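Here's query.txt, which has compact mmCIF, C-alpha atoms:
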```txt
# COMPACT_ATOMS: atom_id res chain seq x y z
CA MET H 214 89.78 137.77 94.81
CA LYS H 215 87.92 135.46 92.49
CA LYS H 216 85.86 134.10 95.40
CA ILE H 217 85.08 137.60 96.54
CA LEU H 218 83.93 138.53 93.04
CA ILE H 219 81.74 135.47 92.84
CA VAL H 220 80.27 136.14 96.28
CA ALA H 221 79.73 139.76 95.37
CA GLY H 222 78.15 138.65 92.14
CA LEU H 223 75.82 136.32 94.00
CA LEU H 224 74.87 139.10 96.38
CA VAL H 225 74.06 141.39 93.46
CA LEU H 226 71.98 138.66 91.85
CA ALA H 227 70.11 138.03 95.07
CA LEU H 228 69.35 141.70 95.57
CA SER H 229 68.25 142.10 91.97
CA SER H 230 66.04 139.06 92.22
CA ALA H 231 64.40 140.35 95.39
CA SER H 232 63.60 143.75 93.85
CA ALA H 233 62.87 142.50 90.34
CA GLN H 234 59.41 143.30 89.06
CA LYS H 235 57.90 142.69 85.65
CA ILE H 236 55.12 145.22 85.07
CA THR H 237 52.79 144.71 82.12
CA GLY H 238 50.62 147.31 80.44
CA ALA H 239 48.59 147.60 77.26
CA GLY H 240 46.50 150.13 75.40
CA ALA H 241 46.68 153.40 73.54
CA THR H 242 48.89 153.98 70.51
CA PHE H 243 48.39 157.76 70.79
CA PRO H 244 50.97 158.17 73.64
CA TYR H 245 53.15 155.19 72.70
CA PRO H 246 56.21 157.25 71.63
CA ILE H 247 56.46 159.02 74.99
CA TYR H 248 55.48 155.94 77.02
CA SER H 249 58.16 153.93 75.27
CA ARG H 250 60.76 156.51 76.23
CA TRP H 251 59.53 156.86 79.81
CA PHE H 252 59.33 153.14 80.52
CA SER H 253 62.77 152.54 79.05
CA GLU H 254 64.34 155.35 81.09
CA TYR H 255 62.61 154.30 84.30
CA SER H 256 63.72 150.68 83.89
CA ALA H 257 67.30 151.79 83.16
CA ALA H 258 67.33 153.84 86.38
CA HIS H 259 65.72 151.04 88.42
CA PRO H 260 67.64 147.78 87.83
CA GLY H 261 65.39 144.77 88.11
CA VAL H 262 62.25 146.61 87.00
CA GLU H 263 61.00 145.65 83.56
CA ILE H 264 58.00 147.39 82.01
CA ASN H 265 56.41 145.67 79.04
CA TYR H 266 53.87 147.90 77.27
CA GLN H 267 51.93 146.73 74.22
CA SER H 268 50.35 149.49 72.09
CA ILE H 269 47.25 147.54 71.05
CA GLY H 270 44.78 150.44 71.03
CA SER H 271 42.67 151.97 73.78
CA GLY H 272 39.85 149.45 73.40
CA GLY H 273 42.24 146.56 73.97
CA GLY H 274 43.85 148.34 76.91
CA ILE H 275 40.48 148.88 78.60
CA ARG H 276 39.49 145.24 78.09
CA GLN H 277 42.78 143.82 79.37
CA VAL H 278 43.09 145.98 82.50
CA SER H 279 39.40 145.46 83.29
CA ALA H 280 39.90 141.70 83.16
CA GLY H 281 43.03 141.91 85.32
CA LEU H 282 45.23 140.56 82.52
CA VAL H 283 47.71 143.46 82.79
CA ASP H 284 48.95 145.61 85.65
CA PHE H 285 47.80 148.86 84.03
CA GLY H 286 45.95 150.00 80.94
CA ALA H 287 46.19 153.08 78.77
CA SER H 288 43.47 154.91 76.90
CA ASP H 289 42.69 158.15 75.10
CA ALA H 290 39.00 157.36 75.57
CA VAL H 291 37.57 157.72 79.06
CA MET H 292 35.93 154.60 80.41
CA THR H 293 32.17 154.75 80.82
CA ASP H 294 30.47 154.28 84.19
CA GLU H 295 29.37 150.84 82.98
CA GLN H 296 32.92 149.85 82.01
CA LEU H 297 34.28 151.01 85.36
CA ALA H 298 31.60 149.10 87.25
CA ALA H 299 32.37 145.91 85.28
CA SER H 300 36.12 146.06 85.93
CA LYS H 301 37.65 143.30 88.06
CA ASN H 302 39.56 145.93 90.04
CA LYS H 303 38.50 149.49 90.86
CA LEU H 304 40.34 151.73 88.40
CA ILE H 305 41.24 155.40 88.27
CA HIS H 306 42.19 157.53 85.27
CA ILE H 307 45.62 159.15 85.65
CA PRO H 308 46.23 161.83 82.98
CA THR H 309 49.80 161.81 81.68
CA VAL H 310 50.15 164.15 78.70
CA LEU H 311 48.10 166.03 76.13
CA GLY H 312 48.26 165.57 72.40
CA ALA H 313 46.64 166.46 69.11
CA VAL H 314 44.92 164.43 66.42
CA VAL H 315 45.56 165.81 62.94
CA PRO H 316 43.89 165.24 59.55
CA VAL H 317 46.63 163.77 57.34
CA PHE H 318 46.18 163.83 53.59
CA ASN H 319 47.79 162.68 50.36
CA VAL H 320 46.62 165.00 47.59
CA PRO H 321 48.96 165.14 44.57
CA GLY H 322 50.30 168.67 44.08
CA VAL H 323 48.85 169.98 47.38
CA SER H 324 51.12 170.60 50.38
CA ASP H 325 48.73 172.47 52.66
CA ILE H 326 44.98 172.49 53.04
CA LYS H 327 42.34 174.02 55.28
CA LEU H 328 39.49 171.79 56.49
CA SER H 329 36.58 173.36 58.33
CA SER H 330 34.66 171.32 60.90
CA ASP H 331 31.58 170.91 58.73
CA VAL H 332 33.65 169.84 55.72
CA LEU H 333 35.56 167.28 57.79
CA ALA H 334 32.31 165.84 59.12
CA GLU H 335 30.77 165.61 55.66
CA ILE H 336 33.87 163.94 54.20
CA PHE H 337 33.76 161.25 56.88
CA LEU H 338 29.99 160.91 56.38
CA GLY H 339 30.67 160.32 52.67
CA LYS H 340 28.75 163.43 51.57
CA ILE H 341 31.82 165.23 50.19
CA ASP H 342 33.76 162.74 48.10
CA ASN H 343 35.98 164.73 45.74
CA TRP H 344 38.89 167.05 46.47
CA ASN H 345 37.68 169.69 44.02
CA ASN H 346 34.38 170.08 45.89
CA ALA H 347 33.21 173.71 45.99
CA ARG H 348 33.11 173.74 49.81
CA ILE H 349 36.78 172.71 50.06
CA ALA H 350 37.75 175.14 47.28
CA LYS H 351 36.03 178.03 49.08
CA ASP H 352 38.25 177.52 52.15
CA ASN H 353 41.37 177.15 50.02
CA PRO H 354 41.52 180.03 47.52
CA GLY H 355 44.49 179.77 45.18
CA VAL H 356 45.04 176.05 45.86
CA LYS H 357 44.78 173.89 42.74
CA LEU H 358 42.60 171.03 43.97
CA PRO H 359 42.55 167.97 41.68
CA ASP H 360 39.45 166.23 40.37
CA GLN H 361 40.20 163.22 42.54
CA LYS H 362 38.10 160.97 44.72
CA ILE H 363 38.64 161.31 48.48
CA ILE H 364 39.59 157.99 50.06
CA VAL H 365 38.63 158.11 53.73
CA VAL H 366 41.00 156.18 56.02
CA HIS H 367 40.01 155.36 59.60
CA ARG H 368 41.13 153.06 62.40
CA SER H 369 40.04 149.42 62.16
CA ASP H 370 40.74 148.69 65.84
CA GLY H 371 39.14 150.02 69.02
CA SER H 372 40.97 153.30 69.25
CA GLY H 373 41.26 156.25 71.59
CA THR H 374 42.48 158.34 68.66
CA THR H 375 39.16 157.53 67.00
CA TYR H 376 37.33 158.40 70.22
CA ILE H 377 38.99 161.84 70.26
CA PHE H 378 38.26 162.43 66.58
CA THR H 379 34.61 161.34 66.80
CA ASP H 380 34.14 163.25 70.06
CA TYR H 381 35.18 166.33 68.08
CA LEU H 382 32.90 165.47 65.13
CA CYS H 383 29.94 165.05 67.51
CA LYS H 384 30.49 168.57 68.86
CA VAL H 385 30.64 170.20 65.42
CA SER H 386 28.10 168.12 63.47
CA LYS H 387 24.59 167.21 64.62
CA GLU H 388 24.37 164.70 61.79
CA TRP H 389 27.49 162.93 63.03
CA ALA H 390 26.26 163.06 66.64
CA ASN H 391 22.92 161.56 65.63
CA GLY H 392 24.56 159.05 63.28
CA PRO H 393 27.86 157.25 63.87
CA GLY H 394 28.33 159.12 67.16
CA LYS H 395 31.25 159.13 69.57
CA GLY H 396 33.25 156.02 70.33
CA ALA H 397 36.41 153.99 69.95
CA SER H 398 34.84 151.78 67.25
CA PRO H 399 31.98 153.61 65.51
CA SER H 400 30.15 152.27 62.49
CA TRP H 401 31.97 154.14 59.73
CA PRO H 402 29.74 155.29 56.83
CA VAL H 403 32.64 155.16 54.32
CA GLY H 404 36.33 154.41 54.08
CA VAL H 405 39.02 151.81 54.59
CA GLY H 406 40.51 150.80 57.94
CA GLY H 407 44.09 150.59 59.16
CA LYS H 408 45.27 149.11 62.45
CA GLY H 409 46.85 151.62 64.82
CA ASN H 410 48.13 155.10 64.06
CA GLU H 411 50.83 153.32 62.07
CA GLY H 412 48.28 151.54 59.89
CA VAL H 413 46.34 154.70 59.11
CA ALA H 414 49.54 156.63 58.38
CA GLY H 415 50.72 153.84 56.07
CA LEU H 416 47.49 153.74 54.08
CA VAL H 417 47.35 157.52 53.67
CA ARG H 418 50.92 157.53 52.37
CA GLN H 419 50.16 154.74 49.90
CA LEU H 420 46.83 155.97 48.52
CA PRO H 421 46.66 159.15 46.40
CA GLY H 422 43.57 161.12 47.41
CA ALA H 423 43.53 159.69 50.93
CA LEU H 424 42.47 161.55 54.07
CA GLY H 425 42.84 160.08 57.56
CA TYR H 426 43.59 161.08 61.14
CA VAL H 427 46.58 160.25 63.35
CA GLU H 428 48.29 161.56 66.46
CA LEU H 429 50.54 164.52 65.69
CA ILE H 430 53.82 162.70 66.47
CA TYR H 431 53.02 160.03 63.85
CA ALA H 432 52.44 162.68 61.20
CA LEU H 433 55.74 164.35 62.08
CA GLN H 434 57.73 161.09 62.28
CA ASN H 435 56.40 159.98 58.90
CA LYS H 436 56.86 163.44 57.34
CA MET H 437 53.18 163.54 56.38
CA THR H 438 51.24 166.63 55.39
CA TYR H 439 48.37 167.53 57.69
CA GLY H 440 45.72 170.18 57.42
CA GLU H 441 44.68 173.27 59.31
CA VAL H 442 41.38 173.03 61.17
CA LYS H 443 39.00 175.86 62.04
CA ASN H 444 38.54 176.12 65.81
CA ALA H 445 35.52 177.13 67.91
CA ALA H 446 36.59 180.78 67.73
CA GLY H 447 36.50 180.62 63.92
CA ASN H 448 40.28 180.75 63.47
CA TRP H 449 42.36 178.43 61.32
CA THR H 450 44.80 176.48 63.48
CA LYS H 451 47.54 173.98 62.80
CA ALA H 452 48.29 171.50 65.58
CA SER H 453 50.93 172.75 68.01
CA ILE H 454 51.94 172.30 71.63
CA GLU H 455 50.75 175.85 72.31
CA GLY H 456 47.34 175.18 70.74
CA VAL H 457 46.87 172.00 72.78
CA THR H 458 47.95 173.80 75.96
CA GLU H 459 45.40 176.56 75.36
CA ALA H 460 42.67 173.95 74.84
CA ALA H 461 43.59 172.34 78.19
CA ALA H 462 43.46 175.72 79.90
CA SER H 463 39.74 175.87 79.10
CA ILE H 464 39.13 173.37 81.92
CA LYS H 465 38.87 175.58 84.99
CA VAL H 466 38.02 172.83 87.47
CA MET H 467 39.40 169.34 86.84
CA PRO H 468 36.92 166.66 87.97
CA ALA H 469 38.11 164.31 90.71
CA ASP H 470 38.07 161.31 88.35
CA TYR H 471 39.91 163.23 85.58
CA ARG H 472 37.39 162.16 82.92
CA VAL H 473 37.16 165.29 80.81
CA SER H 474 36.96 166.32 77.14
CA ILE H 475 38.77 169.31 75.62
CA THR H 476 37.80 168.89 71.96
CA ASN H 477 36.48 172.03 70.24
CA ALA H 478 37.58 174.06 73.27
CA PRO H 479 37.15 177.85 73.40
CA GLY H 480 40.16 180.09 72.91
CA ALA H 481 41.50 182.14 70.01
CA ASN H 482 44.38 179.73 69.35
CA SER H 483 43.03 176.49 70.83
CA TYR H 484 43.61 173.49 68.60
CA PRO H 485 40.18 171.83 68.36
CA ILE H 486 41.15 168.12 68.18
CA SER H 487 43.12 168.00 71.43
CA SER H 488 42.89 165.57 74.33
CA PHE H 489 44.38 164.30 77.53
CA THR H 490 45.48 160.67 77.52
CA TRP H 491 45.23 158.47 80.62
CA LEU H 492 46.82 155.51 82.34
CA LEU H 493 44.20 153.22 83.88
CA ILE H 494 45.50 152.23 87.30
CA PRO H 495 44.03 149.94 89.98
CA VAL H 496 43.26 152.02 93.09
CA LYS H 497 44.48 149.04 95.11
CA SER H 498 46.92 146.81 93.27
CA PRO H 499 46.23 143.06 93.56
CA ASP H 500 50.01 142.66 93.97
CA ALA H 501 51.36 144.98 96.67
CA ALA H 502 54.96 144.84 95.39
CA LYS H 503 53.88 145.73 91.84
CA GLY H 504 51.59 148.43 93.21
CA LYS H 505 54.54 150.04 94.96
CA VAL H 506 56.56 150.10 91.70
CA ILE H 507 53.62 151.51 89.71
CA LYS H 508 53.10 154.23 92.32
CA ASP H 509 56.78 155.16 92.13
CA LEU H 510 56.68 155.08 88.31
CA LEU H 511 53.70 157.45 88.24
CA SER H 512 55.32 159.92 90.62
CA TRP H 513 58.51 159.77 88.50
CA ILE H 514 56.47 160.51 85.36
CA ILE H 515 54.88 163.59 86.93
CA ASN H 516 58.06 164.90 88.58
CA SER H 517 60.59 164.06 85.86
CA GLY H 518 59.04 162.56 82.74
CA GLU H 519 56.83 165.57 82.00
CA LYS H 520 59.96 167.59 81.18
CA GLU H 521 60.56 165.43 78.10
CA VAL H 522 57.16 165.50 76.42
CA THR H 523 57.54 168.59 74.23
CA ALA H 524 60.46 166.96 72.39
CA LEU H 525 57.92 164.45 71.04
CA SER H 526 55.26 167.10 70.28
CA TYR H 527 53.06 166.38 73.28
CA ALA H 528 51.98 169.07 75.74
CA PRO H 529 52.79 168.55 79.44
CA LEU H 530 50.11 168.52 82.09
CA PRO H 531 49.22 172.02 83.31
CA LYS H 532 50.89 172.71 86.66
CA ASN H 533 47.64 172.69 88.64
CA VAL H 534 46.63 169.36 87.07
CA ALA H 535 50.05 167.82 87.74
CA GLU H 536 49.83 168.83 91.41
CA LYS H 537 46.35 167.29 91.70
CA VAL H 538 47.51 164.10 89.97
CA LEU H 539 50.44 163.71 92.37
CA LYS H 540 48.08 163.79 95.34
CA THR H 541 45.99 161.10 93.68
CA VAL H 542 49.09 158.98 92.99
CA TYR H 543 50.21 159.22 96.61
CA SER H 544 46.78 157.97 97.72
CA LEU H 545 47.07 154.74 95.72
CA GLN H 546 47.44 151.54 97.73
```
File written out as structure tokens:
Amino acid sequence: MKKILIVAGLLVLALSSASAQKITGAGATFPYPIYSRWFSEYSAAHPGVEINYQSIGSGGGIRQVSAGLVDFGASDAVMTDEQLAASKNKLIHIPTVLGAVVPVFNVPGVSDIKLSSDVLAEIFLGKIDNWNNARIAKDNPGVKLPDQKIIVVHRSDGSGTTYIFTDYLCKVSKEWANGPGKGASPSWPVGVGGKGNEGVAGLVRQLPGALGYVELIYALQNKMTYGEVKNAAGNWTKASIEGVTEAAASIKVMPADYRVSITNAPGANSYPISSFTWLLIPVKSPDAAKGKVIKDLLSWIINSGEKEVTALSYAPLPKNVAEKVLKTVYSLQ
């Protein structure tokens, strides 16, 4: 019996070794909570498959996958035509979930605040620098705003969360569009930087008077207060799965490469700082065995993983988008 067990054990080891694959990925912090869950569950259901994902920011993810240093990247910022052309391997954007970026604040004595698009832009431009500013007070009647300096907190790393936030600011403020502009690492006019959503959240919690921006799940996990934002329809909205879903519904025809923006989307209840997030996948994997695992992982995410996203305050892909993505996944080599 002992011999049989040993032989059986050796057989199991041999089979596991043959099917074992270590898949590496790096990039966005925005979707890290759901990616962490997905990759853990997929690995548990597929013995021998290990997925190592480092949430280093979208900029780092783009650089590493473009250089062929990881098997896949992740980004909340779409790659430019120039970045795609410079990549070692031809890449495609695979949308996975949708999320919201929220303005988190630490204002003593204030638990809720409304921030219009023009006010947000002027705070981050350094033009509005005190919480008792008349423009903020006008949008918040009855709220006792302190005479306190606003400390702007932004990302210090190349960040897709920053890309989403600045993409939004460009659409609502000509001065922002003509100044710092849209990007993962803009030249910030004012403020202090924190690395990752975690770094920004930590600084806002520590600094009275602070205002920053993080992905919704980080605000909820850290029990942080975040403001309402006026949307394109002129309505005050607080980030929600429903608001993100309505913003996504504004895209009637999804482009073939999935590079699309849904910030400041139309819709009575659309949340204006919403975005898809993407995995950056080689169209033809340099390693056929790894490519097969990645293809299976992606199809598992669309068919099974999407059912879990609302528990972490993300919005799932719209049905028509999910169907289109599956066809793209099946075409990967």
- Item | Separation of CA of Leu545 in chain H from CA of Gly504 in chain H in Å |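 Separating CA of Gly504 in chain H from CA of Leu545 in chain H is a distance of 8.2 Å.
Each of H:Ser329, H:Gln419, H:Thr490, H:Ser253 was checked against Asn444 in chain H using only C-alpha atoms; the smallest atom-to-atom distance is that of H:Ser329.
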- Message: Here's a test: counting all atoms listed in the file, identify every protein, DNA and RNA residue with an atom at most 7 Å from (47.4, 157.9, 58.8) in the file's coordinate frame, and state them as a list in words.
- Response: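 Checking each residue against the 7 Å limit leaves Val317, Asn410, Glu411, Gly412, Val413, Ala414, Gly415, Leu416, Val417, Gly425, Tyr426 and Val427 of chain H.
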- Task: Go through H:Gly281, H:Pro316, H:Gly261, H:Gly392 and flag the residue nearest Leu429 in chain H, using only C-alpha atoms for the distances.
- Result: H:Pro316
- How far is it from CA of Gly407 in chain H to CA of Ser279 in chain H, in Å with one decimal?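 That distance, rounded to one decimal, is 25.1 Å.
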Please produce range 235-251 of chain H, completed to N, CA and C atoms, as a PDB file, in the coordinates of the input.
```pdb
ATOM      1  N   LYS H 235      58.321 142.578  87.043  1.00  0.00           N
ATOM      2  CA  LYS H 235      57.900 142.690  85.650  1.00  0.00           C
ATOM      3  C   LYS H 235      56.503 143.289  85.638  1.00  0.00           C
ATOM      4  N   ILE H 236      56.397 144.501  85.123  1.00  0.00           N
ATOM      5  CA  ILE H 236      55.120 145.220  85.070  1.00  0.00           C
ATOM      6  C   ILE H 236      54.609 145.173  83.636  1.00  0.00           C
ATOM      7  N   THR H 237      53.358 144.784  83.469  1.00  0.00           N
ATOM      8  CA  THR H 237      52.790 144.710  82.120  1.00  0.00           C
ATOM      9  C   THR H 237      51.686 145.751  81.952  1.00  0.00           C
ATOM     10  N   GLY H 238      51.650 146.324  80.770  1.00  0.00           N
ATOM     11  CA  GLY H 238      50.620 147.310  80.440  1.00  0.00           C
ATOM     12  C   GLY H 238      50.230 147.177  78.986  1.00  0.00           C
ATOM     13  N   ALA H 239      49.050 147.673  78.637  1.00  0.00           N
ATOM     14  CA  ALA H 239      48.590 147.600  77.260  1.00  0.00           C
ATOM     15  C   ALA H 239      47.572 148.708  77.008  1.00  0.00           C
ATOM     16  N   GLY H 240      47.520 149.137  75.750  1.00  0.00           N
ATOM     17  CA  GLY H 240      46.500 150.130  75.400  1.00  0.00           C
ATOM     18  C   GLY H 240      46.908 151.084  74.304  1.00  0.00           C
ATOM     19  N   ALA H 241      46.649 152.340  74.556  1.00  0.00           N
ATOM     20  CA  ALA H 241      46.680 153.400  73.540  1.00  0.00           C
ATOM     21  C   ALA H 241      47.957 153.469  72.711  1.00  0.00           C
ATOM     22  N   THR H 242      47.759 153.706  71.403  1.00  0.00           N
ATOM     23  CA  THR H 242      48.890 153.980  70.510  1.00  0.00           C
ATOM     24  C   THR H 242      49.233 155.468  70.511  1.00  0.00           C
ATOM     25  N   PHE H 243      48.240 156.295  70.788  1.00  0.00           N
ATOM     26  CA  PHE H 243      48.390 157.760  70.790  1.00  0.00           C
ATOM     27  C   PHE H 243      49.622 158.215  71.591  1.00  0.00           C
ATOM     28  N   PRO H 244      49.820 157.727  72.847  1.00  0.00           N
ATOM     29  CA  PRO H 244      50.970 158.170  73.640  1.00  0.00           C
ATOM     30  C   PRO H 244      52.155 157.222  73.575  1.00  0.00           C
ATOM     31  N   TYR H 245      52.106 156.208  72.691  1.00  0.00           N
ATOM     32  CA  TYR H 245      53.150 155.190  72.700  1.00  0.00           C
ATOM     33  C   TYR H 245      54.576 155.755  72.586  1.00  0.00           C
ATOM     34  N   PRO H 246      54.827 156.750  71.714  1.00  0.00           N
ATOM     35  CA  PRO H 246      56.210 157.250  71.630  1.00  0.00           C
ATOM     36  C   PRO H 246      56.766 157.768  72.959  1.00  0.00           C
ATOM     37  N   ILE H 247      55.953 158.498  73.721  1.00  0.00           N
ATOM     38  CA  ILE H 247      56.460 159.020  74.990  1.00  0.00           C
ATOM     39  C   ILE H 247      56.466 157.924  76.059  1.00  0.00           C
ATOM     40  N   TYR H 248      55.478 157.028  76.048  1.00  0.00           N
ATOM     41  CA  TYR H 248      55.480 155.940  77.020  1.00  0.00           C
ATOM     42  C   TYR H 248      56.695 155.038  76.816  1.00  0.00           C
ATOM     43  N   SER H 249      57.009 154.767  75.573  1.00  0.00           N
ATOM     44  CA  SER H 249      58.160 153.930  75.270  1.00  0.00           C
ATOM     45  C   SER H 249      59.437 154.535  75.843  1.00  0.00           C
ATOM     46  N   ARG H 250      59.585 155.829  75.693  1.00  0.00           N
ATOM     47  CA  ARG H 250      60.760 156.510  76.230  1.00  0.00           C
ATOM     48  C   ARG H 250      60.755 156.476  77.762  1.00  0.00           C
ATOM     49  N   TRP H 251      59.630 156.827  78.347  1.00  0.00           N
ATOM     50  CA  TRP H 251      59.530 156.860  79.810  1.00  0.00           C
ATOM     51  C   TRP H 251      59.827 155.496  80.429  1.00  0.00           C
TER      52      TRP H 251
END
```
